[in-house]
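Accompanying notes for the structure given below.
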Amino acid sequence: MNVFAQSFLVKGSVADEEQLPIIGAYVLIKGTSTGTVTDLNGKFTIEVPNKNAVLQITSVGYVSQDIAIGDRTKFDIVLGYDTEALEEVVVIGYGEQTKREVTGAITQVKSEDLDRLATSDIGTALQGQMAGVSVRAASGAPGSNSTITIRGVTSFQDGGSEPLYVVDGVTYTSNPNISPQEIESLEVLKDGASAAIYGSRASAGVILITTKRGKAGSMKVNLDSYYGVQKITSGIDVAGTNDHLYINRLTNLFKESGKFNPLDQNKQGLYYDTDWMQELQNDMAPIQNHSLRISGGSDALTYNITGTLFDQQGVLIGSDYARQTVRANTTYKKGKLQFQVNMGLNNSLANNEPWALQYDAIKQAPFLPGINPGQTDVVVPGANPENMGRFVGKLNQTNQTANSGYNGNIRVNYELFNGFKLNANIGGSVANDNRKFFAPTWSVYDTDGEYLLNASNPIADLKYTDYKYERTIQEYTATYNRKFGKHKVGFVGGVTFETSKGHRRYIHARDFPSNDTQSIGAANEITAADQSYSENKNIGMLARVQYAYDNRYLLSASVRRDGSSRFHESNRWGIFPSVSAGWNISEEKFWEPIKTTVSNFKIRYGYGETGSDKAGQGLQNLMADLPYQSIVIPQVDYVLGREGSDNLMFGSIAPTFVDKSIRWETNISQNIGVDMEFLEGRITLSTDYYKNDKQDMLLAVQIPPSTGAIAANNYDRVWQNVGNLSNEGIEIALGYNNNIGDVKFTVNGTFTKNINIVQSLAPSIESISGGEPMLIRNSEPTTFLRPGYTAGSFFLIPTEGTIKTPEELSAYQELIPSAQLGDLKYVDVNGDGVIDQDDRVYQGSGTPQWEAGLNLNVAYKGFDLGLQLFGSYGAKVYNGSRAYAYLTKRSAELVNAWSPYNPTSEIPMPRDEIEHYNTRTFSDYFLEDGSYLRIQNISLGYTLPKSVLNKMKMSNLRFYVSAQNPFTFTKYKGFDPEVGSQSIFLRGVDRGNYPISAVYRGGLSLEF
């Protein structure tokens, strides 16, 4: 008889190291799904099958224990704290802090969260994972970077709202183009109190990136690899041949003469039904990434080398992107000396889709035969062969960007005495950007074989533009960190020196022997050449003091003084102070009775001032780094002398005006936050309320031609401090993680609501306009900067359907005498009897009212399932592509336009006039709801068990499949409702943006 086969009851309790009961701890019989949880007193009772059973006790925030039963029936179990979880380190400016000591608004994302999406862009990988960090795709083109804003738009300038990036101590004023596979952790400093230590460059927030480092021990090799395909899941609905002919009939309906039938000049037209949008697409385009990491070392020397290959073919023909990166990090320690070397290399090549290609595809008639890319001799029947000629030319253009760069730094720390260190950080980066544009010759013929000069291009063009950017950084600091009993103090002080240099070379040549001789030396004519150089410098002095008492009371204060060469010497220096405090209420004795339920409760407050010296960027002219300095440009020649003896003399001109009084943008930030944990860390909650006031906003303001300023190279713009801006909002991050038997799951959600308001503009400026929604023709502005409204708000003339009856027409013709039945009916908002710019009214903005993200991860034994959702609500999108399709009478919607056969339709009739009121972009007709819910990623993986891995001499092997962006739920009629831009005027203005596609991929991760 087997004496061990009889089951029996076991009782016990589970407590922490301070003998406080742990509520909800899991007590399982190892290897089974049988288990229970501890009650409010930390006690449990469980039936075990025999004396050989093993109890497995787990609780979030504690080290798990396995206990053999044997002959015992009662257990008093003490779980030790998981110190790694409790003392999680967060990177801050010029230092580190444990998470419980942080008093600023800082959010962290680890490498495993960044690797879930197939992308070369860190912004795309971040979307929805951080409250207060808004990520919007400006384009779905291969290798494109998203637009990242922290706590709302902070600048009127193009790119001025981009945060400061710091990669292993090296600063970047724009996206560092680092591979997500190289990143170990990423911290975002969202409020002024945490970012003020970076002073003049931190008004848009700071992103701190720590790359992967080696650990002492045997060498490890990690390989991450995936391959997938991309599919366009949306599009612009254009008319086929039959619908196009019907739309043409509607256009002719009220004409007494001049009626046009396209088939009169194209007798074979009914044989074709070409979908030109489909002709442009490269559906199921491949995407792949392969990353190899080697790491290891000893206690004295550790190393990490990561190499990544990324390749993405575009879903539009003529576009692709390939990038190769290598990063090597080495750390050497001996006694009180620590020496760290970080190096990164990157190389990429992008073929860019032709400019405004979608517009040309929309314009083409469907009754024409399709063409093949690379075809330079085409026969075009019918009228307007120029349209097809330009289209052929664009399909054969070369628009290539080659980037290469190096970045690195050396960091030396020496502990002079206990807690006191001297530190040096010396590094920089070099980036080369080489652009080539080639427009080949092409020939268009009619059906009789006659060469059509106006539709052809007999002379080829070649342009080269080379940029070289160099940045250097030197930082010398002293730090002191000590703990005296219950007191903990920290200090950092130092100086920083930064320089930025830019070189630009440009040459334009034309007329080549053939399209194959794309060389400057083969050109018959050099039409233009130019070279420029710019430089700016920044000097900073910084200090910060931190104090904590008994892990309960926390205080931090900093000040930084910066000088920038971008401003006149009278406005060159700025001072940026900050102070923040926190109270860990859960560390108080009075909290102990509820600590098992609310295990952590901290409140914090921060005040900080940050600045921006980004005046000049984005204009690509000689004022880019000295926007206050008057300049002179050469090659403006003069004719001097009397008639008959005059001579052409070399000359120069001052092309613009400057405002020497421009000064720093200043951001004043206030933040109050609460961090909470419930049930021993199973539930986490972090909320923040903030108010940011941006003062003295800089903008390049266009001045009238009467001033004599030159429009070329944007010299007709003058940098001015034009107004103030505010951002106010709330952020919520909620998480839940737990283990139920062998099932482990985490749920994390974020919610962000930001209210952005232009508080004031300069006294001489009532409003500033922009946001023209069509690329290839002039169109009216749609967005404005206007006090009291969101930056980049839509101000449009409202419409109220179509004119449906003769009575309505008669009344409306008092406003617009040329109106006809079926036209759009505009609203005379101010009642002055005229439809004009004074009838524009506020109609929302491209900024969403709120954004939210949800991440769910479940693991069972070797299987894991992940789901990411992202939603945006309240943004408006002006559909410029749809407006253009109406203007060219190519939209399939026009089949259902108003007509005597469809007298209730709200769709306006197509008209021949290009500037007809039915297609003017100052109307609200093409403004749409940009709200959406997107399934960002669904992934399913399987990790081989340890028993199998040991036989294969591997540490880990995981296979997975995933679907990225498979579904987007939206009412928007364009390619994608996510319309971002670095321009404040183009947020929410869809000008035919490159479509975002779904990605289906499979991959593996292995370690040995």
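Here, A, B, ... name the chains of the structure tokens in the order displayed, residue numbers run from 1 inside each chain, and ligands are numbered from 1 in the same displayed order.
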- Message: Give me, as a ChimeraX atom specification, all polymer residues having an atom no more than 9 Å from Asn481 (chain A), counting only C-alpha atoms and skipping those fewer than 4 positions away in the same chain.
- Response: /A:418-421,488-492
- Task: Quick one: everything within 8 Å of Pro286 (chain A), counting only C-alpha atoms, minus sequence neighbours fewer than 3 positions away in the same chain. Send it as a PyMOL selection string.
- Result: chain A and resi 227-230+312-313
Atoms kept (N, CA, C and O atoms) for selection, written as a tab-separated table (two decimals), in the first residue's frame:
chain	number	residue	atom	x	y	z
A	227	TYR	N	10.85	38.75	-40.55
A	227	TYR	CA	10.57	39.02	-41.96
A	227	TYR	C	9.07	39.14	-42.10
A	227	TYR	O	8.31	38.36	-41.51
A	228	GLY	N	8.63	40.15	-42.88
A	228	GLY	CA	7.19	40.33	-43.03
A	228	GLY	C	6.85	41.01	-44.34
A	228	GLY	O	7.72	41.32	-45.16
A	229	VAL	N	5.55	41.21	-44.51
A	229	VAL	CA	5.05	41.90	-45.70
A	229	VAL	C	4.10	43.00	-45.25
A	229	VAL	O	3.51	42.94	-44.17
A	230	GLN	N	3.96	44.02	-46.12
A	230	GLN	CA	3.12	45.18	-45.81
A	230	GLN	C	1.96	45.24	-46.79
A	230	GLN	O	2.12	44.98	-47.99
A	312	GLN	N	13.34	47.86	-45.79
A	312	GLN	CA	11.90	48.03	-46.00
A	312	GLN	C	11.64	48.52	-47.42
A	312	GLN	O	12.11	49.58	-47.81
A	313	GLN	N	10.90	47.73	-48.16
A	313	GLN	CA	10.43	48.16	-49.47
A	313	GLN	C	9.13	48.96	-49.27
A	313	GLN	O	8.31	48.61	-48.44
- Residue contacts of region 909-917 of chain A (8 Å, only C-alpha atoms) excluding same-chain residues fewer than 2 positions away, as a list in words: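 Skipping anything fewer than 2 positions along the chain leaves Ile247, Leu250, Thr251, Gly822, Asp823, Leu824, Tyr886, Leu887, Lys889, Leu894, Ala897, Trp898, Ser899, Ile907, Thr919 and Arg920 of chain A.
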- Task: Would you list the contacts of Thr210 (chain A) as a ChimeraX atom specification, taking every protein, DNA or RNA residue within 9 Å and counting only C-alpha atoms, but skipping same-chain residues closer than 6 positions in sequence?
- Result: /A:91,166-169,182-187
Those same residues - N, CA, C and O atoms - I'd like them written as a PDB file, in the first residue's frame.
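selection-v1.pdb was written with the following content:
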ATOM      1  N   VAL A  91      16.767  56.738 -14.813  1.00  0.00           N
ATOM      2  CA  VAL A  91      17.775  57.692 -15.259  1.00  0.00           C
ATOM      3  C   VAL A  91      17.154  59.086 -15.272  1.00  0.00           C
ATOM      4  O   VAL A  91      16.056  59.299 -15.792  1.00  0.00           O
ATOM      5  N   VAL A 166      18.968  62.637 -25.529  1.00  0.00           N
ATOM      6  CA  VAL A 166      20.273  62.433 -24.920  1.00  0.00           C
ATOM      7  C   VAL A 166      20.570  60.937 -24.962  1.00  0.00           C
ATOM      8  O   VAL A 166      19.911  60.145 -24.285  1.00  0.00           O
ATOM      9  N   VAL A 167      21.532  60.534 -25.788  1.00  0.00           N
ATOM     10  CA  VAL A 167      21.890  59.126 -25.961  1.00  0.00           C
ATOM     11  C   VAL A 167      23.218  58.870 -25.263  1.00  0.00           C
ATOM     12  O   VAL A 167      24.267  59.358 -25.697  1.00  0.00           O
ATOM     13  N   ASP A 168      23.164  58.171 -24.151  1.00  0.00           N
ATOM     14  CA  ASP A 168      24.381  57.869 -23.375  1.00  0.00           C
ATOM     15  C   ASP A 168      25.186  59.130 -23.070  1.00  0.00           C
ATOM     16  O   ASP A 168      26.422  59.121 -23.101  1.00  0.00           O
ATOM     17  N   GLY A 169      24.482  60.231 -22.832  1.00  0.00           N
ATOM     18  CA  GLY A 169      25.156  61.470 -22.461  1.00  0.00           C
ATOM     19  C   GLY A 169      25.423  62.420 -23.608  1.00  0.00           C
ATOM     20  O   GLY A 169      25.834  63.558 -23.381  1.00  0.00           O
ATOM     21  N   GLU A 182      18.907  48.733 -30.161  1.00  0.00           N
ATOM     22  CA  GLU A 182      20.093  49.136 -29.410  1.00  0.00           C
ATOM     23  C   GLU A 182      19.755  49.670 -28.024  1.00  0.00           C
ATOM     24  O   GLU A 182      20.646  49.877 -27.207  1.00  0.00           O
ATOM     25  N   ILE A 183      18.479  49.891 -27.746  1.00  0.00           N
ATOM     26  CA  ILE A 183      18.075  50.617 -26.538  1.00  0.00           C
ATOM     27  C   ILE A 183      17.808  49.661 -25.384  1.00  0.00           C
ATOM     28  O   ILE A 183      17.088  48.669 -25.529  1.00  0.00           O
ATOM     29  N   GLU A 184      18.361  49.973 -24.227  1.00  0.00           N
ATOM     30  CA  GLU A 184      18.092  49.239 -22.990  1.00  0.00           C
ATOM     31  C   GLU A 184      16.907  49.839 -22.248  1.00  0.00           C
ATOM     32  O   GLU A 184      16.012  49.125 -21.788  1.00  0.00           O
ATOM     33  N   SER A 185      16.898  51.151 -22.103  1.00  0.00           N
ATOM     34  CA  SER A 185      15.774  51.825 -21.461  1.00  0.00           C
ATOM     35  C   SER A 185      15.655  53.229 -22.021  1.00  0.00           C
ATOM     36  O   SER A 185      16.619  53.785 -22.552  1.00  0.00           O
ATOM     37  N   LEU A 186      14.449  53.771 -21.893  1.00  0.00           N
ATOM     38  CA  LEU A 186      14.181  55.113 -22.398  1.00  0.00           C
ATOM     39  C   LEU A 186      13.334  55.845 -21.359  1.00  0.00           C
ATOM     40  O   LEU A 186      12.274  55.357 -20.962  1.00  0.00           O
ATOM     41  N   GLU A 187      13.841  56.973 -20.896  1.00  0.00           N
ATOM     42  CA  GLU A 187      13.121  57.795 -19.926  1.00  0.00           C
ATOM     43  C   GLU A 187      12.725  59.118 -20.571  1.00  0.00           C
ATOM     44  O   GLU A 187      13.496  59.687 -21.351  1.00  0.00           O
TER      45      GLU A 187
END
- Near region 942-958 of chain A, counting only C-alpha atoms, which residues have an atom at most 8 Å away, once you skip same-chain residues fewer than 4 positions from it, shown as a PyMOL selection string? chain A and resi 862-864+1004-1008
- Message: Which residues are close to region 341-348 of chain A, i.e. within 10 Å by only C-alpha atoms, leaving aside same-chain residues fewer than 6 positions away? Reply as number ranges by chain.
- Response: A: 143, 167-170, 177-179, 182, 211, 213, 303-311, 321-332, 401-412, 425-433
- Item | Surrounding residues of Lys537 (chain A) excluding itself and chain neighbours under 4 positions, 8 Å, only C-alpha atoms, as a ChimeraX atom specification | /A:497-500,564-566
Those residues you just picked out, can you put them in a file as a short mmCIF file (atom, residue, chain, number, x, y, z; two decimals), in the first residue's frame with N, CA, C and O atoms?
data_model
loop_
_atom_site.label_atom_id
_atom_site.label_comp_id
_atom_site.auth_asym_id
_atom_site.auth_seq_id
_atom_site.Cartn_x
_atom_site.Cartn_y
_atom_site.Cartn_z
N PHE A 497 29.90 72.53 -22.58
CA PHE A 497 30.24 73.27 -23.79
C PHE A 497 29.77 72.46 -24.99
O PHE A 497 30.09 71.28 -25.12
N GLU A 498 28.99 73.09 -25.86
CA GLU A 498 28.50 72.41 -27.05
C GLU A 498 28.69 73.29 -28.28
O GLU A 498 28.53 74.51 -28.22
N THR A 499 29.05 72.65 -29.39
CA THR A 499 29.16 73.36 -30.66
C THR A 499 28.41 72.56 -31.73
O THR A 499 28.37 71.32 -31.68
N SER A 500 27.82 73.28 -32.66
CA SER A 500 27.17 72.66 -33.81
C SER A 500 27.64 73.36 -35.07
O SER A 500 27.65 74.59 -35.13
N SER A 564 23.73 81.30 -25.54
CA SER A 564 23.61 80.78 -26.90
C SER A 564 24.05 81.83 -27.90
O SER A 564 23.67 83.01 -27.81
N SER A 565 24.83 81.38 -28.88
CA SER A 565 25.30 82.30 -29.92
C SER A 565 24.20 82.66 -30.91
O SER A 565 24.40 83.51 -31.78
N ARG A 566 23.02 82.04 -30.80
CA ARG A 566 21.93 82.34 -31.73
C ARG A 566 21.31 83.71 -31.46
O ARG A 566 20.54 84.20 -32.29
#
Write down as a CSV table (one decimal) with C-alpha atoms, in the first residue's frame the residues belonging to region 350-385 of chain A that are assigned strand (DSSP E or B) by DSSP computed on the backbone.
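Result written to selection_29.csv:
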chain,number,residue,atom,x,y,z
A,350,ALA,CA,16.5,55.8,-49.0
A,351,ASN,CA,14.8,56.0,-52.3
A,377,ASP,CA,8.5,56.7,-74.5
A,378,VAL,CA,4.7,56.6,-74.3
A,379,VAL,CA,1.7,57.0,-76.6
- Which one of A:Gly673, A:Gly741, A:Gly214, A:Gly374 sits closest to Lys602 (chain A) if you count only C-alpha atoms?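 Ranked by minimum distance to Lys602 (chain A), first place goes to A:Gly673.
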- Message: Which residue is closest to Asp224 (chain A)? Choose from A:Phe367, A:Phe975, A:Phe967, A:Phe959 and count only C-alpha atoms.
- Response: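 The shortest atom-to-atom distance to Asp224 (chain A) comes from A:Phe959.
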- Task: Run DSSP on the backbone and give me the residues of region 512-687 of chain A it puts in helix (DSSP H, G or I), as a PyMOL selection string.
- Result: chain A and resi 520-522+569-571+585-587+589-594
- Message: What does the structure give for the distance between CA of Val380 (chain A) and CA of Phe437 (chain A), in Å to one decimal?
- Response: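 The value is 26.1 Å.
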- Query: How far is it from CA of Val989 (chain A) to CA of Arg136 (chain A), in Å with one decimal?
  - Reply: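 Pair CA of Val989 (chain A) / CA of Arg136 (chain A) returns 12.7 Å.
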- Using CA of Gln19 (chain A) and CA of Val37 (chain A) as the two end points, give the distance in Å to one decimal. 17.7 Å
- Point out the residue among A:Ser134, A:Asn571, A:Asn692, A:Thr610 with the least atom-to-atom distance to Thr847 (chain A), counting only C-alpha atoms.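 Of A:Ser134, A:Asn571, A:Asn692, A:Thr610, the one nearest Thr847 (chain A) is A:Ser134, counting only C-alpha atoms.
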